[in-house]
$ cat query_3.txt   # compact mmCIF, C-alpha atoms
# COMPACT_ATOMS: atom_id res chain seq x y z
CA MET X 402 8.05 15.37 -34.55
CA LYS X 403 11.80 15.20 -33.97
CA GLY X 404 14.05 14.56 -31.01
CA HIS X 405 13.71 12.26 -28.00
CA ILE X 406 10.78 11.46 -25.77
CA VAL X 407 11.71 11.77 -22.10
CA ARG X 408 9.74 10.11 -19.31
CA ASN X 409 8.78 12.36 -16.42
CA PRO X 410 11.46 11.40 -13.86
CA LYS X 411 9.10 11.93 -10.93
CA LEU X 412 6.92 8.97 -11.87
CA ALA X 413 7.00 5.39 -10.59
CA TRP X 414 6.01 2.75 -13.10
CA ARG X 415 5.81 -0.94 -13.71
CA GLU X 416 5.30 -3.11 -16.77
CA VAL X 417 2.41 -5.55 -16.30
CA ASP X 418 1.68 -8.05 -19.07
CA GLY X 419 3.43 -5.83 -21.62
CA GLU X 420 1.56 -2.68 -20.61
CA MET X 421 2.62 0.16 -18.33
CA VAL X 422 0.99 1.15 -15.08
CA ILE X 423 2.30 4.53 -13.97
CA ILE X 424 1.84 6.29 -10.63
CA SER X 425 2.31 9.95 -10.01
CA PRO X 426 3.57 9.92 -6.39
CA GLU X 427 2.59 13.55 -5.77
CA ASP X 428 -1.13 12.99 -6.26
CA SER X 429 -1.35 9.15 -6.29
CA GLN X 430 -2.90 9.32 -9.73
CA VAL X 431 -2.64 6.01 -11.61
CA HIS X 432 -2.29 5.92 -15.39
CA GLU X 433 -2.50 2.92 -17.68
CA LEU X 434 -0.97 2.91 -21.13
CA ASN X 435 -2.24 0.86 -24.04
CA GLU X 436 0.03 -1.47 -25.96
CA THR X 437 1.39 1.11 -28.41
CA ALA X 438 1.86 3.82 -25.80
CA SER X 439 3.59 1.23 -23.59
CA LEU X 440 5.97 0.41 -26.42
CA ILE X 441 6.80 4.09 -26.82
CA TRP X 442 7.27 4.46 -23.06
CA LYS X 443 9.52 1.40 -22.86
CA HIS X 444 11.87 2.49 -25.64
CA ALA X 445 11.48 6.26 -25.26
CA GLU X 446 14.83 6.97 -23.74
CA SER X 447 16.93 4.65 -25.86
CA GLU X 448 15.47 5.46 -29.27
CA SER X 449 14.76 8.65 -31.20
CA VAL X 450 11.24 9.42 -32.38
CA GLU X 451 12.22 8.32 -35.87
CA GLU X 452 13.59 5.01 -34.56
CA LEU X 453 10.37 4.49 -32.59
CA ALA X 454 8.35 5.13 -35.73
CA LYS X 455 10.35 2.45 -37.56
CA ARG X 456 9.79 0.03 -34.67
CA ILE X 457 6.03 0.63 -34.61
CA SER X 458 5.84 0.43 -38.41
CA ALA X 459 7.52 -2.98 -38.33
CA GLU X 460 5.69 -4.29 -35.25
CA TYR X 461 2.17 -3.39 -36.40
CA ASP X 462 2.74 -3.57 -40.13
CA VAL X 463 1.74 0.02 -40.81
CA SER X 464 3.40 2.62 -43.03
CA LEU X 465 6.13 4.79 -41.58
CA GLU X 466 3.93 7.86 -42.10
CA ALA X 467 1.08 6.27 -40.17
CA ALA X 468 3.47 5.24 -37.38
CA ARG X 469 4.83 8.80 -37.15
CA ALA X 470 1.30 10.17 -36.95
CA ASP X 471 0.36 7.66 -34.23
CA ILE X 472 3.40 8.60 -32.19
CA GLY X 473 2.60 12.29 -32.58
CA GLU X 474 -0.93 11.75 -31.26
CA LEU X 475 0.07 9.47 -28.41
CA VAL X 476 2.94 11.66 -27.27
CA ALA X 477 0.70 14.74 -27.33
CA ALA X 478 -1.74 12.89 -25.06
CA LEU X 479 1.05 11.73 -22.74
CA GLU X 480 2.52 15.25 -22.65
CA GLN X 481 -0.85 16.67 -21.69
CA LYS X 482 -0.94 14.31 -18.71
CA GLN X 483 2.66 15.32 -17.90
CA LEU X 484 3.86 11.76 -18.27
CA VAL X 485 6.49 12.63 -20.87
CA PHE X 486 8.03 15.61 -22.58
CA VAL X 487 9.84 15.90 -25.88
CA ALA X 488 13.46 17.00 -25.88
CA THR X 489 14.24 18.55 -29.22
CA GLU X 490 17.76 18.31 -30.56
CA VAL X 491 19.62 21.59 -30.55
CA LYS X 492 22.04 22.00 -33.42
CA GLY X 493 25.24 23.77 -32.49
CA MET T 1162 12.73 5.92 3.26
CA ASN T 1163 15.20 3.25 4.03
CA LEU T 1164 14.77 1.91 7.53
CA GLY T 1165 17.09 -0.78 8.76
CA THR T 1166 15.75 -4.01 10.11
CA ILE T 1167 14.38 -3.85 13.62
CA ALA T 1168 17.30 -5.87 14.91
CA GLU T 1169 19.76 -3.36 13.50
CA LEU T 1170 18.11 -0.37 15.03
CA ASP T 1171 20.10 1.51 17.56
CA CYS T 1172 17.67 2.62 20.25
CA PRO T 1173 19.25 5.32 22.43
CA VAL T 1174 15.81 6.68 23.16
CA LYS T 1175 15.17 4.08 25.82
CA GLN T 1176 18.01 5.28 28.00
CA LEU T 1177 16.84 8.87 27.74
CA ASP T 1178 13.31 8.13 28.71
CA SER T 1179 12.37 7.23 32.23
CA CYS T 1180 8.94 5.73 31.56
CA ALA T 1181 8.55 2.06 30.74
CA PRO T 1182 7.32 1.51 27.20
CA LEU T 1183 4.08 -0.16 26.22
CA GLN T 1184 5.46 -2.95 24.07
CA ILE T 1185 3.33 -4.18 21.22
CA SER T 1186 3.80 -6.14 18.03
CA ILE T 1187 1.70 -5.56 14.89
CA GLY T 1188 2.45 -7.55 11.76
CA ASN T 1189 5.57 -8.89 13.49
CA VAL T 1190 6.87 -5.34 13.85
CA SER T 1191 7.83 -4.68 17.48
CA LEU T 1192 7.00 -1.20 18.71
CA ASP T 1193 7.83 0.47 22.03
CA LEU T 1194 5.32 3.18 22.85
CA PHE T 1195 6.61 5.69 25.40
CA ILE T 1196 3.49 7.29 26.80
CA ARG T 1197 3.74 9.52 29.86
CA GLU T 1198 0.16 10.75 30.04
CA GLU T 1199 -2.19 8.48 31.95
CA ALA T 1200 -5.13 9.80 29.93
CA LEU T 1201 -3.54 8.28 26.82
CA LEU T 1202 -1.84 5.27 28.36
CA ALA T 1203 -4.99 3.71 29.83
CA PRO T 1204 -6.95 3.63 26.52
CA ALA T 1205 -3.81 2.52 24.66
CA LEU T 1206 -3.39 -0.41 27.05
CA ARG T 1207 -7.00 -1.37 26.41
CA ARG T 1208 -6.93 -0.90 22.66
CA TYR T 1209 -3.70 -2.80 22.05
CA ARG T 1210 -3.98 -5.45 24.76
CA GLU T 1211 -4.18 -8.32 22.26
CA PHE T 1212 -0.99 -7.05 20.65
CA ALA T 1213 1.11 -6.64 23.79
CA GLN T 1214 4.40 -8.44 23.40
CA ASN T 1215 7.73 -8.06 25.13
CA SER T 1216 10.64 -7.40 22.86
CA GLU T 1217 14.31 -6.48 23.25
CA ASN T 1218 14.50 -4.26 20.19
CA GLY T 1219 11.17 -2.57 19.70
CA PHE T 1220 11.07 0.42 17.39
CA PRO T 1221 10.75 3.38 19.80
CA ILE T 1222 7.86 5.83 19.51
CA LEU T 1223 7.84 8.87 21.79
CA LEU T 1224 4.50 10.50 22.45
CA ASN T 1225 4.04 14.20 23.10
CA GLN T 1226 7.55 14.93 24.34
CA ARG T 1227 9.16 18.25 23.82
CA LYS T 1228 12.65 17.50 22.65
CA MET T 1229 13.44 15.95 19.34
CA ARG T 1230 15.12 12.68 20.23
CA VAL T 1231 14.92 10.49 17.20
CA GLY T 1232 17.30 12.51 15.06
CA SER T 1233 16.36 14.40 11.98
CA GLY T 1234 13.13 13.08 10.56
CA GLU T 1235 13.21 11.31 7.21
CA PHE T 1236 9.46 11.32 6.96
CA SER T 1237 6.87 13.54 8.53
CA TYR T 1238 3.09 13.64 8.35
CA LEU T 1239 0.62 16.12 9.69
CA LEU T 1240 -2.82 14.84 10.65
CA ASP T 1241 -5.05 17.63 11.94
CA ASP T 1242 -3.17 18.84 15.03
CA ALA T 1243 -1.10 15.70 15.42
CA LYS T 1244 2.27 15.17 13.80
CA LEU T 1245 4.40 12.13 13.05
CA LEU T 1246 8.15 12.41 12.68
CA LEU T 1247 9.96 9.28 11.58
CA GLY T 1248 13.69 8.79 11.62
CA PRO T 1249 15.85 5.72 11.21
CA ARG T 1250 16.11 5.24 15.00
CA GLY T 1251 12.58 5.89 16.07
CA ALA T 1252 9.48 8.00 15.74
CA GLU T 1253 7.87 10.90 17.56
CA PHE T 1254 4.17 11.61 17.75
CA HIS T 1255 3.31 15.19 18.70
CA GLY T 1256 -0.01 16.81 19.52
CA VAL T 1257 -1.75 13.51 20.27
CA ARG T 1258 -4.84 14.42 22.33
CA HIS T 1259 -6.80 11.15 22.22
CA GLU T 1260 -6.51 7.45 21.41
CA TYR T 1261 -7.97 7.92 17.93
CA ALA T 1262 -5.15 10.24 16.92
CA LEU T 1263 -2.66 7.75 18.34
CA ASP T 1264 -4.29 4.96 16.35
CA SER T 1265 -4.21 7.00 13.13
CA LEU T 1266 -0.54 7.91 13.54
CA LEU T 1267 0.30 4.27 14.27
CA ARG T 1268 -1.31 3.23 11.00
CA ILE T 1269 0.66 5.85 9.10
CA LEU T 1270 3.88 4.80 10.82
CA LEU T 1271 3.25 1.14 10.03
CA THR T 1272 2.79 1.85 6.33
CA MET T 1273 6.33 3.25 6.30
CA VAL T 1274 7.91 0.59 8.50
CA LEU T 1275 6.26 -2.29 6.63
CA LEU T 1276 7.21 -1.00 3.20
CA PRO T 1277 10.84 -2.24 3.10
CA ARG T 1278 9.63 -5.50 4.67
CA ARG T 1279 7.35 -6.40 1.75
CA GLY T 1280 4.29 -5.44 3.71
CA PHE T 1281 1.45 -2.93 3.56
CA LEU T 1282 -1.93 -2.01 5.02
CA LEU T 1283 -5.03 -2.43 2.89
CA HIS T 1284 -8.61 -1.17 3.26
CA GLY T 1285 -10.02 -4.64 3.64
CA ALA T 1286 -11.67 -7.17 5.93
CA THR T 1287 -9.77 -10.39 6.55
CA ILE T 1288 -11.75 -13.54 7.28
CA VAL T 1289 -10.15 -16.86 8.20
CA ARG T 1290 -11.66 -20.05 6.90
CA ASP T 1291 -10.07 -23.50 7.19
CA GLY T 1292 -6.79 -21.94 8.32
CA ARG T 1293 -6.47 -19.60 5.33
CA ALA T 1294 -7.10 -15.88 5.04
CA TYR T 1295 -9.55 -14.34 2.58
CA ILE T 1296 -9.15 -10.61 2.10
CA PHE T 1297 -12.20 -8.62 0.99
CA PHE T 1298 -11.06 -5.17 -0.01
CA GLY T 1299 -12.61 -1.99 -1.31
CA ARG T 1300 -13.12 1.63 -0.53
CA SER T 1301 -15.44 2.97 2.11
CA GLY T 1302 -18.96 1.58 1.69
CA ALA T 1303 -17.87 -1.39 -0.43
CA GLY T 1304 -19.15 -3.88 2.12
CA LYS T 1305 -16.13 -4.79 4.27
CA SER T 1306 -18.05 -4.56 7.52
CA THR T 1307 -20.98 -6.45 5.95
CA VAL T 1308 -18.69 -9.32 4.97
CA ALA T 1309 -17.28 -9.35 8.50
CA SER T 1310 -20.73 -9.29 10.07
CA LEU T 1311 -21.80 -12.26 7.92
CA SER T 1312 -18.81 -14.33 9.04
CA PRO T 1313 -18.69 -16.66 12.04
CA GLU T 1314 -17.54 -15.24 15.34
CA GLY T 1315 -13.80 -15.60 15.81
CA SER T 1316 -13.11 -15.86 12.07
CA VAL T 1317 -12.66 -12.12 11.51
CA LEU T 1318 -9.04 -10.92 11.73
CA THR T 1319 -10.12 -7.37 10.94
CA ASP T 1320 -13.19 -5.68 9.47
CA GLU T 1321 -11.39 -2.54 8.29
CA ILE T 1322 -7.62 -2.57 7.81
CA SER T 1323 -5.85 -5.71 6.66
CA LEU T 1324 -2.13 -6.18 7.09
CA VAL T 1325 -0.42 -8.11 4.31
CA ARG T 1326 3.18 -9.17 4.55
CA HIS T 1327 5.53 -11.61 2.85
CA SER T 1328 7.36 -13.73 5.39
CA ASN T 1329 8.60 -17.29 5.71
CA GLY T 1330 8.30 -17.72 1.95
CA CYS T 1331 4.63 -16.87 1.66
CA TRP T 1332 2.11 -14.05 1.73
CA GLN T 1333 0.34 -13.81 5.05
CA ALA T 1334 -2.47 -11.77 6.53
CA HIS T 1335 -1.91 -10.52 10.07
CA GLY T 1336 -4.50 -9.44 12.55
CA THR T 1337 -4.52 -5.74 13.35
CA PRO T 1338 -5.92 -3.62 16.17
CA PHE T 1339 -7.37 -1.30 13.51
CA TRP T 1340 -11.07 -2.00 13.38
CA GLY T 1341 -14.10 -0.25 11.97
CA GLU T 1342 -17.63 -0.93 13.12
CA PHE T 1343 -16.76 -4.02 15.15
CA ARG T 1344 -14.66 -2.08 17.68
CA ALA T 1345 -13.04 -5.30 18.77
CA ALA T 1346 -9.58 -5.65 20.21
CA GLY T 1347 -8.32 -7.64 17.24
CA ILE T 1348 -6.58 -10.97 17.01
CA ASN T 1349 -2.81 -11.05 16.84
CA ARG T 1350 -2.43 -14.05 14.57
CA LEU T 1351 -1.35 -14.62 10.99
CA PHE T 1352 -2.61 -16.92 8.26
CA PRO T 1353 -1.51 -17.68 4.69
CA ILE T 1354 -3.58 -15.74 2.17
CA ALA T 1355 -5.90 -17.80 -0.04
CA GLY T 1356 -7.32 -15.01 -2.17
CA LEU T 1357 -7.99 -11.31 -2.64
CA TYR T 1358 -11.53 -10.16 -3.40
CA LEU T 1359 -12.45 -6.69 -4.59
CA LEU T 1360 -15.96 -6.08 -3.27
CA LYS T 1361 -18.69 -5.04 -5.63
CA GLN T 1362 -22.31 -5.04 -4.52
CA ALA T 1363 -24.47 -6.71 -7.15
CA LYS T 1364 -27.67 -8.63 -7.77
CA ASP T 1365 -25.88 -11.96 -8.02
CA ASP T 1366 -22.95 -13.72 -6.38
CA ARG T 1367 -19.96 -14.50 -8.55
CA ALA T 1368 -16.20 -14.24 -8.42
CA GLU T 1369 -14.67 -12.78 -11.58
CA PRO T 1370 -10.93 -13.45 -11.93
CA LEU T 1371 -8.84 -10.32 -12.50
CA SER T 1372 -5.79 -10.06 -14.75
CA LEU T 1373 -2.54 -8.88 -13.18
CA LYS T 1374 -3.12 -5.38 -14.48
CA GLU T 1375 -6.71 -5.31 -13.25
CA ALA T 1376 -5.63 -6.62 -9.86
CA LEU T 1377 -2.91 -3.99 -9.54
CA ARG T 1378 -5.38 -1.27 -10.56
CA ALA T 1379 -7.89 -2.60 -8.02
CA LEU T 1380 -5.43 -2.78 -5.14
CA LEU T 1381 -3.60 0.53 -5.59
CA PRO T 1382 -6.39 2.87 -4.46
CA CYS T 1383 -7.09 0.64 -1.44
CA VAL T 1384 -3.55 0.62 -0.06
CA LEU T 1385 -2.95 3.00 2.84
CA PHE T 1386 -0.08 5.14 1.66
CA PHE T 1387 1.06 8.52 2.89
CA THR T 1388 4.28 9.39 1.15
CA ALA T 1389 4.88 11.17 -2.13
CA GLU T 1390 8.36 9.71 -2.49
CA LYS T 1391 9.01 8.06 -5.83
CA ARG T 1392 11.15 5.23 -4.43
CA ALA T 1393 8.45 4.33 -1.92
CA HIS T 1394 5.92 4.01 -4.73
CA GLU T 1395 8.34 1.86 -6.72
CA THR T 1396 8.76 -0.40 -3.70
CA LEU T 1397 4.99 -0.60 -3.28
CA LEU T 1398 4.52 -1.54 -6.95
CA HIS T 1399 7.15 -4.23 -6.58
CA THR T 1400 5.47 -5.60 -3.45
CA LEU T 1401 1.99 -5.61 -4.98
CA MET T 1402 3.23 -7.35 -8.12
CA GLY T 1403 4.91 -10.00 -6.00
CA LEU T 1404 1.63 -10.55 -4.18
CA ILE T 1405 -0.68 -10.80 -7.20
CA GLU T 1406 1.73 -13.03 -9.10
CA LYS T 1407 1.25 -15.57 -6.30
CA ILE T 1408 -2.23 -14.94 -4.91
CA PRO T 1409 -5.35 -14.96 -7.12
CA CYS T 1410 -7.38 -11.78 -7.20
CA TYR T 1411 -11.08 -11.54 -8.04
CA ARG T 1412 -13.84 -9.00 -8.33
CA LEU T 1413 -16.48 -10.39 -5.99
CA HIS T 1414 -20.00 -9.51 -7.03
CA PHE T 1415 -22.11 -10.07 -3.93
CA ARG T 1416 -25.64 -9.45 -2.65
CA ARG T 1417 -24.73 -8.50 0.91
CA ASN T 1418 -25.63 -11.89 2.29
CA ALA T 1419 -23.59 -14.95 3.28
CA GLU T 1420 -24.24 -16.70 -0.05
CA PHE T 1421 -21.01 -15.23 -1.43
CA TRP T 1422 -18.99 -17.93 0.31
CA LYS T 1423 -20.44 -20.44 -2.15
CA VAL T 1424 -18.70 -18.80 -5.10
CA ILE T 1425 -15.35 -18.35 -3.43
CA ALA T 1426 -12.78 -20.81 -4.72
CA ALA T 1427 -12.40 -23.72 -2.34
$ encode --input "query_3.txt" --output "structure tokens"
Amino acid sequence: MKGHIVRNPKLAWREVDGEMVIISPEDSQVHELNETASLIWKHAESESVEELAKRISAEYDVSLEAARADIGELVAALEQKQLVFVATEVKG
Amino acid sequence: MNLGTIAELDCPVKQLDSCAPLQISIGNVSLDLFIREEALLAPALRRYREFAQNSENGFPILLNQRKMRVGSGEFSYLLDDAKLLLGPRGAEFHGVRHEYALDSLLRILLTMVLLPRRGFLLHGATIVRDGRAYIFFGRSGAGKSTVASLSPEGSVLTDEISLVRHSNGCWQAHGTPFWGEFRAAGINRLFPIAGLYLLKQAKDDRAEPLSLKEALRALLPCVLFFTAEKRAHETLLHTLMGLIEKIPCYRLHFRRNAEFWKVIAA
């Protein structure tokens, strides 16, 4: 997976004890993220997917490949819930 | 929405309207209800009698009047045939046929007016014990009315809708005129909050402390909230976090009898 993860701008959220609680104002749905997903959410808009993979690899002492795979799975789940989307880089 | 403080509100409505307002105060929010119809005024006087309070700068609410007088609405809400329009200088209620519709629109209005004042309404019963307020919250059927019915007479601030607000440096529970099964007039007093208890009917009585995240998750579905605006939800999250960082929150397992008081932190 390449590019940047972008948080859905319609959502309200708050970090509680290192984990994210997210509200979708349109339907009042509340979402909770686990520790890894919260880390991705927190740094999503300042780091590329590759940078996030390096962060997770270092933080949890897992290989870069495993971190990339984890991010892929988590982001797919977050995308399905419309919490994030992935902005791919367009080469000019 | 971003309402100014009550004191800053410019209230041109008063000069336009010939009827004297019914002045009430709920959660230290002064409201001027302009009601022309006797069929609505008489029950409103009865229902809100404990909350009557004279004020110079009450937030004006016009009932069932034809012309838009509060300026363009920043928030509107449709409830069956009744409609609430809220602007920075006042509110209009349209299509109000009975006191229950008036009461419902007042609750909705208060959620919006309290929001920038670090306050909110919660589905919960508030019981006062030794000068401190204990809030027992939960969705319909959780046992709010049961808790109220098991409490001494005069100790129940509300059996249905609690009003929580940060003022004078602490979190306080205010009495409200919004009652469930008790159908009482309410008590217009406020008390510092001792604890928040999410009701869970069980076979034993115990109070299980909740983490901040659990407390936030428990409170959110029980807050009365009627706007889909992102900023309003951010403000609510900020307010709730401020509350649970100061006030302990528990899941109260209880057997629907008065024994639960024994497990509540003294």
$ residues_around --input "query_3.txt" --residues "Lys443 in chain X" --least-positions-apart "4" --cutoff "9 Å" --atoms "all atoms listed in the file" --output "VMD selection string"
chain X and resid 416 421 438 to 439 447
$ residues_around --input "query_3.txt" --residues "range 1376-1387 of chain T" --least-positions-apart "6" --cutoff "8 Å" --atoms "all atoms listed in the file" --output "PyMOL selection string"
(chain X and resi 431) or (chain T and resi 1238+1269+1272+1281-1285+1298-1300+1359+1401-1402+1405+1410-1411)
$ interface_residues --input "query_3.txt" --of "chain T" --to "chain X" --cutoff "7 Å" --atoms "only C-alpha atoms" --output "list in words"
Leu1373, Lys1374, Ala1389, Glu1390, Lys1391, His1394, Glu1395 and Leu1398 of chain T
$ residues_around --input "query_3.txt" --residues "Glu451 in chain X" --least-positions-apart "5" --cutoff "9 Å" --atoms "all atoms listed in the file" --output "ChimeraX atom specification"
/X:402-405,456,469
$ closest_residue --input "query_3.txt" --among "X:Thr437, X:Ala445, X:Glu474, X:Leu484" --to "Ser458 in chain X" --atoms "only C-alpha atoms"
X:Thr437
$ residues_around --input "query_3.txt" --residues "range 1310-1327 of chain T" --least-positions-apart "6" --cutoff "6 Å" --atoms "all atoms listed in the file" --output "JSON, numbers by chain"
{"T": [1279, 1280, 1281, 1282, 1283, 1284, 1285, 1286, 1287, 1288, 1289, 1333, 1334, 1335, 1336, 1339, 1340, 1341, 1348, 1419]}
$ atom_distance --input "query_3.txt" --atom1 "CA of Val1424 in chain T" --atom2 "CA of Asp1365 in chain T"
10.3 Å
$ build_atoms --input "query_3.txt" --residues "range 447-456 of chain X" --atoms "all heavy atoms" --output "compact mmCIF listing (two decimals), keeping the file's coordinate frame"
# COMPACT_ATOMS: atom_id res chain seq x y z
N SER X 447 15.79 5.26 -25.15
CA SER X 447 16.93 4.65 -25.86
C SER X 447 16.81 4.84 -27.37
O SER X 447 17.75 4.54 -28.10
CB SER X 447 17.01 3.16 -25.52
OG SER X 447 15.80 2.52 -25.85
N GLU X 448 15.66 5.31 -27.83
CA GLU X 448 15.47 5.46 -29.27
C GLU X 448 14.92 6.85 -29.60
O GLU X 448 14.14 7.41 -28.82
CB GLU X 448 14.50 4.39 -29.79
CG GLU X 448 15.04 2.98 -29.63
CD GLU X 448 14.09 1.90 -30.15
OE1 GLU X 448 13.05 2.26 -30.73
OE2 GLU X 448 14.40 0.72 -29.96
N SER X 449 15.31 7.37 -30.76
CA SER X 449 14.76 8.65 -31.20
C SER X 449 13.33 8.43 -31.68
O SER X 449 12.88 7.29 -31.85
CB SER X 449 15.60 9.22 -32.34
OG SER X 449 15.45 8.38 -33.48
N VAL X 450 12.62 9.52 -31.90
CA VAL X 450 11.24 9.42 -32.38
C VAL X 450 11.21 8.68 -33.72
O VAL X 450 10.33 7.84 -33.96
CB VAL X 450 10.62 10.83 -32.51
CG1 VAL X 450 9.26 10.75 -33.19
CG2 VAL X 450 10.49 11.47 -31.14
N GLU X 451 12.19 8.97 -34.56
CA GLU X 451 12.22 8.32 -35.87
C GLU X 451 12.46 6.81 -35.71
O GLU X 451 11.83 5.99 -36.40
CB GLU X 451 13.32 8.97 -36.73
CG GLU X 451 13.32 8.57 -38.19
CD GLU X 451 11.98 8.85 -38.91
OE1 GLU X 451 11.21 9.70 -38.45
OE2 GLU X 451 11.72 8.16 -39.92
N GLU X 452 13.35 6.45 -34.81
CA GLU X 452 13.59 5.01 -34.56
C GLU X 452 12.34 4.33 -33.99
O GLU X 452 12.03 3.19 -34.34
CB GLU X 452 14.77 4.84 -33.59
CG GLU X 452 16.11 5.14 -34.24
CD GLU X 452 17.26 5.29 -33.22
OE1 GLU X 452 17.01 5.73 -32.09
OE2 GLU X 452 18.40 4.97 -33.59
N LEU X 453 11.63 5.04 -33.14
CA LEU X 453 10.37 4.49 -32.59
C LEU X 453 9.34 4.29 -33.70
O LEU X 453 8.62 3.29 -33.71
CB LEU X 453 9.81 5.44 -31.53
CG LEU X 453 10.43 5.37 -30.14
CD1 LEU X 453 9.95 6.54 -29.29
CD2 LEU X 453 10.08 4.06 -29.45
N ALA X 454 9.29 5.25 -34.62
CA ALA X 454 8.35 5.13 -35.73
C ALA X 454 8.67 3.88 -36.56
O ALA X 454 7.76 3.14 -36.96
CB ALA X 454 8.40 6.38 -36.59
N LYS X 455 9.95 3.65 -36.80
CA LYS X 455 10.35 2.45 -37.56
C LYS X 455 9.96 1.18 -36.80
O LYS X 455 9.50 0.21 -37.39
CB LYS X 455 11.87 2.47 -37.82
CG LYS X 455 12.27 3.46 -38.90
CD LYS X 455 13.77 3.51 -39.07
CE LYS X 455 14.15 4.64 -40.02
NZ LYS X 455 15.58 4.97 -39.96
N ARG X 456 10.14 1.20 -35.50
CA ARG X 456 9.79 0.03 -34.67
C ARG X 456 8.27 -0.26 -34.76
O ARG X 456 7.85 -1.38 -34.97
CB ARG X 456 10.19 0.28 -33.21
CG ARG X 456 9.79 -0.84 -32.26
CD ARG X 456 10.09 -0.48 -30.82
NE ARG X 456 11.51 -0.51 -30.54
CZ ARG X 456 12.21 -1.61 -30.25
NH1 ARG X 456 11.61 -2.79 -30.24
NH2 ARG X 456 13.50 -1.55 -29.99
